[in-house]
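Colleague: My structure is below; once you've seen it, I'll send some questions.
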Amino acid sequence: MHLNVNGETQSENFTILPDPRAEVTVADMQKQYDFITEVNETVDKAHQSIKKIRAINGKLDEFIKKYKDEEATKALVEKAKSLKEEFGSVEKALYQTQNRSNQDPLNFPIRLTNKLAHLNSLVSLDDFPPTEQDIAVKNEMTQKINEQLRTFDNLMDKEIATFNEEFNQLKLDYLSIEE
């Protein structure tokens, strides 16, 4: 470890030891750590995609508002509405978009990322490795999240590209999506 104070650096080597009161092996602790890390990576990927979806839908809203009354853009406006719905369904599968207050989770079902994150908090409560059931649930939730992320990637790769081509053919301002 290095410590830097006022330009003066000190370093010291040390070894992290498990709590001697722990009832599990270091290997079991590593399994728990790996499980938690994998879940965090999956949830993070989903949250990044949700941020992109919200940015895209914002751009599509701008487009719809700007061009909704023009005859030349009528088909493209309909496509923008359809894309918004498709992106919205991915977001809703990943995250509960209806929650507005602390009591809303009682009224609306929790979604994939919330389920997986809650599993992570349960597994991290103590030093024990995840159970077979924990792993099975993680794998099932991760698979479902990855299906939604593949749908999102497909929309980005194919549908947004096609939308932008049609946009360019109409000689409109380019719809830019930052990734």
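Ordering of the structure tokens sets the chain letters (A, B, ...); residue numbers start at 1 within each chain; ligands are numbered from 1 in the order shown.
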List the neighbours of range 40-48 of chain A out to 9 Å using only C-alpha atoms; skip same-chain residues closer than 4 positions along the sequence, and give me the result as an MDAnalysis selection string.
Modeller: chainID A and resid 35:36 52:53 91 94:95 112:114 116:117 120 142 145:146 148:149
Colleague: Output the selection as a PDB file, in the first residue's frame - N, CA, C and O atoms for each residue.
Modeller:
ATOM      1  N   PHE A  35     -19.374 -14.146  -7.230  1.00  0.00           N
ATOM      2  CA  PHE A  35     -20.818 -14.081  -7.459  1.00  0.00           C
ATOM      3  C   PHE A  35     -21.278 -12.629  -7.442  1.00  0.00           C
ATOM      4  O   PHE A  35     -21.951 -12.156  -8.363  1.00  0.00           O
ATOM      5  N   ILE A  36     -20.907 -11.914  -6.385  1.00  0.00           N
ATOM      6  CA  ILE A  36     -21.316 -10.516  -6.217  1.00  0.00           C
ATOM      7  C   ILE A  36     -20.776  -9.658  -7.365  1.00  0.00           C
ATOM      8  O   ILE A  36     -21.488  -8.820  -7.921  1.00  0.00           O
ATOM      9  N   LYS A  52     -29.001   4.815 -21.894  1.00  0.00           N
ATOM     10  CA  LYS A  52     -28.993   5.041 -23.342  1.00  0.00           C
ATOM     11  C   LYS A  52     -30.407   5.067 -23.894  1.00  0.00           C
ATOM     12  O   LYS A  52     -30.733   5.901 -24.750  1.00  0.00           O
ATOM     13  N   ILE A  53     -31.252   4.158 -23.413  1.00  0.00           N
ATOM     14  CA  ILE A  53     -32.644   4.120 -23.872  1.00  0.00           C
ATOM     15  C   ILE A  53     -33.324   5.453 -23.588  1.00  0.00           C
ATOM     16  O   ILE A  53     -34.021   6.005 -24.442  1.00  0.00           O
ATOM     17  N   GLU A  91     -36.758  -1.322 -21.536  1.00  0.00           N
ATOM     18  CA  GLU A  91     -36.542  -0.643 -20.257  1.00  0.00           C
ATOM     19  C   GLU A  91     -37.473  -1.179 -19.181  1.00  0.00           C
ATOM     20  O   GLU A  91     -37.056  -1.450 -18.051  1.00  0.00           O
ATOM     21  N   LEU A  94     -36.417  -4.452 -17.768  1.00  0.00           N
ATOM     22  CA  LEU A  94     -35.229  -4.366 -16.925  1.00  0.00           C
ATOM     23  C   LEU A  94     -35.478  -3.636 -15.617  1.00  0.00           C
ATOM     24  O   LEU A  94     -34.897  -3.972 -14.584  1.00  0.00           O
ATOM     25  N   TYR A  95     -36.340  -2.616 -15.655  1.00  0.00           N
ATOM     26  CA  TYR A  95     -36.449  -1.704 -14.507  1.00  0.00           C
ATOM     27  C   TYR A  95     -37.893  -1.246 -14.346  1.00  0.00           C
ATOM     28  O   TYR A  95     -38.556  -0.941 -15.339  1.00  0.00           O
ATOM     29  N   LEU A 112     -36.347  -7.180 -13.535  1.00  0.00           N
ATOM     30  CA  LEU A 112     -35.174  -8.055 -13.544  1.00  0.00           C
ATOM     31  C   LEU A 112     -33.977  -7.492 -12.783  1.00  0.00           C
ATOM     32  O   LEU A 112     -33.363  -8.205 -11.980  1.00  0.00           O
ATOM     33  N   THR A 113     -33.615  -6.239 -13.039  1.00  0.00           N
ATOM     34  CA  THR A 113     -32.413  -5.708 -12.374  1.00  0.00           C
ATOM     35  C   THR A 113     -32.616  -5.614 -10.872  1.00  0.00           C
ATOM     36  O   THR A 113     -31.691  -5.889 -10.108  1.00  0.00           O
ATOM     37  N   ASN A 114     -33.819  -5.264 -10.439  1.00  0.00           N
ATOM     38  CA  ASN A 114     -34.097  -5.180  -9.007  1.00  0.00           C
ATOM     39  C   ASN A 114     -34.034  -6.555  -8.348  1.00  0.00           C
ATOM     40  O   ASN A 114     -33.536  -6.690  -7.235  1.00  0.00           O
ATOM     41  N   LEU A 116     -32.276  -9.155  -9.375  1.00  0.00           N
ATOM     42  CA  LEU A 116     -30.884  -9.609  -9.326  1.00  0.00           C
ATOM     43  C   LEU A 116     -30.097  -8.842  -8.266  1.00  0.00           C
ATOM     44  O   LEU A 116     -29.316  -9.433  -7.520  1.00  0.00           O
ATOM     45  N   ALA A 117     -30.324  -7.547  -8.170  1.00  0.00           N
ATOM     46  CA  ALA A 117     -29.624  -6.744  -7.160  1.00  0.00           C
ATOM     47  C   ALA A 117     -30.032  -7.169  -5.751  1.00  0.00           C
ATOM     48  O   ALA A 117     -29.195  -7.220  -4.848  1.00  0.00           O
ATOM     49  N   ASN A 120     -28.250 -10.243  -4.805  1.00  0.00           N
ATOM     50  CA  ASN A 120     -26.876  -9.889  -4.441  1.00  0.00           C
ATOM     51  C   ASN A 120     -26.793  -9.420  -2.996  1.00  0.00           C
ATOM     52  O   ASN A 120     -25.882  -9.794  -2.263  1.00  0.00           O
ATOM     53  N   THR A 142     -29.836 -13.433 -15.024  1.00  0.00           N
ATOM     54  CA  THR A 142     -28.809 -12.937 -15.943  1.00  0.00           C
ATOM     55  C   THR A 142     -29.175 -13.270 -17.385  1.00  0.00           C
ATOM     56  O   THR A 142     -29.033 -12.438 -18.284  1.00  0.00           O
ATOM     57  N   ILE A 145     -31.949 -10.913 -18.438  1.00  0.00           N
ATOM     58  CA  ILE A 145     -31.400  -9.570 -18.661  1.00  0.00           C
ATOM     59  C   ILE A 145     -30.624  -9.537 -19.967  1.00  0.00           C
ATOM     60  O   ILE A 145     -30.773  -8.614 -20.776  1.00  0.00           O
ATOM     61  N   ASN A 146     -29.796 -10.557 -20.204  1.00  0.00           N
ATOM     62  CA  ASN A 146     -29.000 -10.596 -21.435  1.00  0.00           C
ATOM     63  C   ASN A 146     -29.881 -10.675 -22.679  1.00  0.00           C
ATOM     64  O   ASN A 146     -29.534 -10.110 -23.723  1.00  0.00           O
ATOM     65  N   GLN A 148     -32.781  -9.196 -22.971  1.00  0.00           N
ATOM     66  CA  GLN A 148     -33.223  -7.808 -23.166  1.00  0.00           C
ATOM     67  C   GLN A 148     -32.088  -6.950 -23.737  1.00  0.00           C
ATOM     68  O   GLN A 148     -32.318  -6.102 -24.594  1.00  0.00           O
ATOM     69  N   LEU A 149     -30.858  -7.183 -23.255  1.00  0.00           N
ATOM     70  CA  LEU A 149     -29.718  -6.409 -23.757  1.00  0.00           C
ATOM     71  C   LEU A 149     -29.427  -6.745 -25.222  1.00  0.00           C
ATOM     72  O   LEU A 149     -29.042  -5.864 -25.994  1.00  0.00           O
TER      73      LEU A 149
END
Colleague: Mind checking which residues fall within 9 Å of range 26-28 of chain A, counting only C-alpha atoms, ignoring those fewer than 6 positions away in the same chain, and posting them as a PyMOL selection string?
Modeller: chain A and resi 18+127-130
Colleague: Limited to C-alpha atoms, could you put the picked residues into a file as a PDB file, in the first residue's frame?
Modeller:
ATOM      1  CA  PRO A  18      -9.676 -13.744   6.921  1.00  0.00           C
ATOM      2  CA  ASP A 127     -19.363 -14.713   4.649  1.00  0.00           C
ATOM      3  CA  PHE A 128     -20.951 -17.816   3.171  1.00  0.00           C
ATOM      4  CA  PRO A 129     -20.685 -18.671  -0.523  1.00  0.00           C
ATOM      5  CA  PRO A 130     -23.815 -18.591  -2.665  1.00  0.00           C
TER       6      PRO A 130
END
Colleague: Return the single residue from A:Ile16, A:Val5, A:Val39, A:Ala72 that is closest to Ile135 in chain A, with distances computed using only C-alpha atoms.
Modeller: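 Smallest distance to Ile135 in chain A is found for A:Val39.
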Colleague: Pick from A:Gln169, A:Thr131, A:Thr162, A:Thr151: nearest to Lys31 in chain A, with only C-alpha atoms counted?
Modeller: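 Checking each of A:Gln169, A:Thr131, A:Thr162, A:Thr151 against Lys31 in chain A, counting only C-alpha atoms, the winner is A:Thr131.
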Colleague: At what distance in Å, to one decimal, does CA of Glu12 in chain A lie from CA of Gln30 in chain A?
Modeller: 24.4 Å
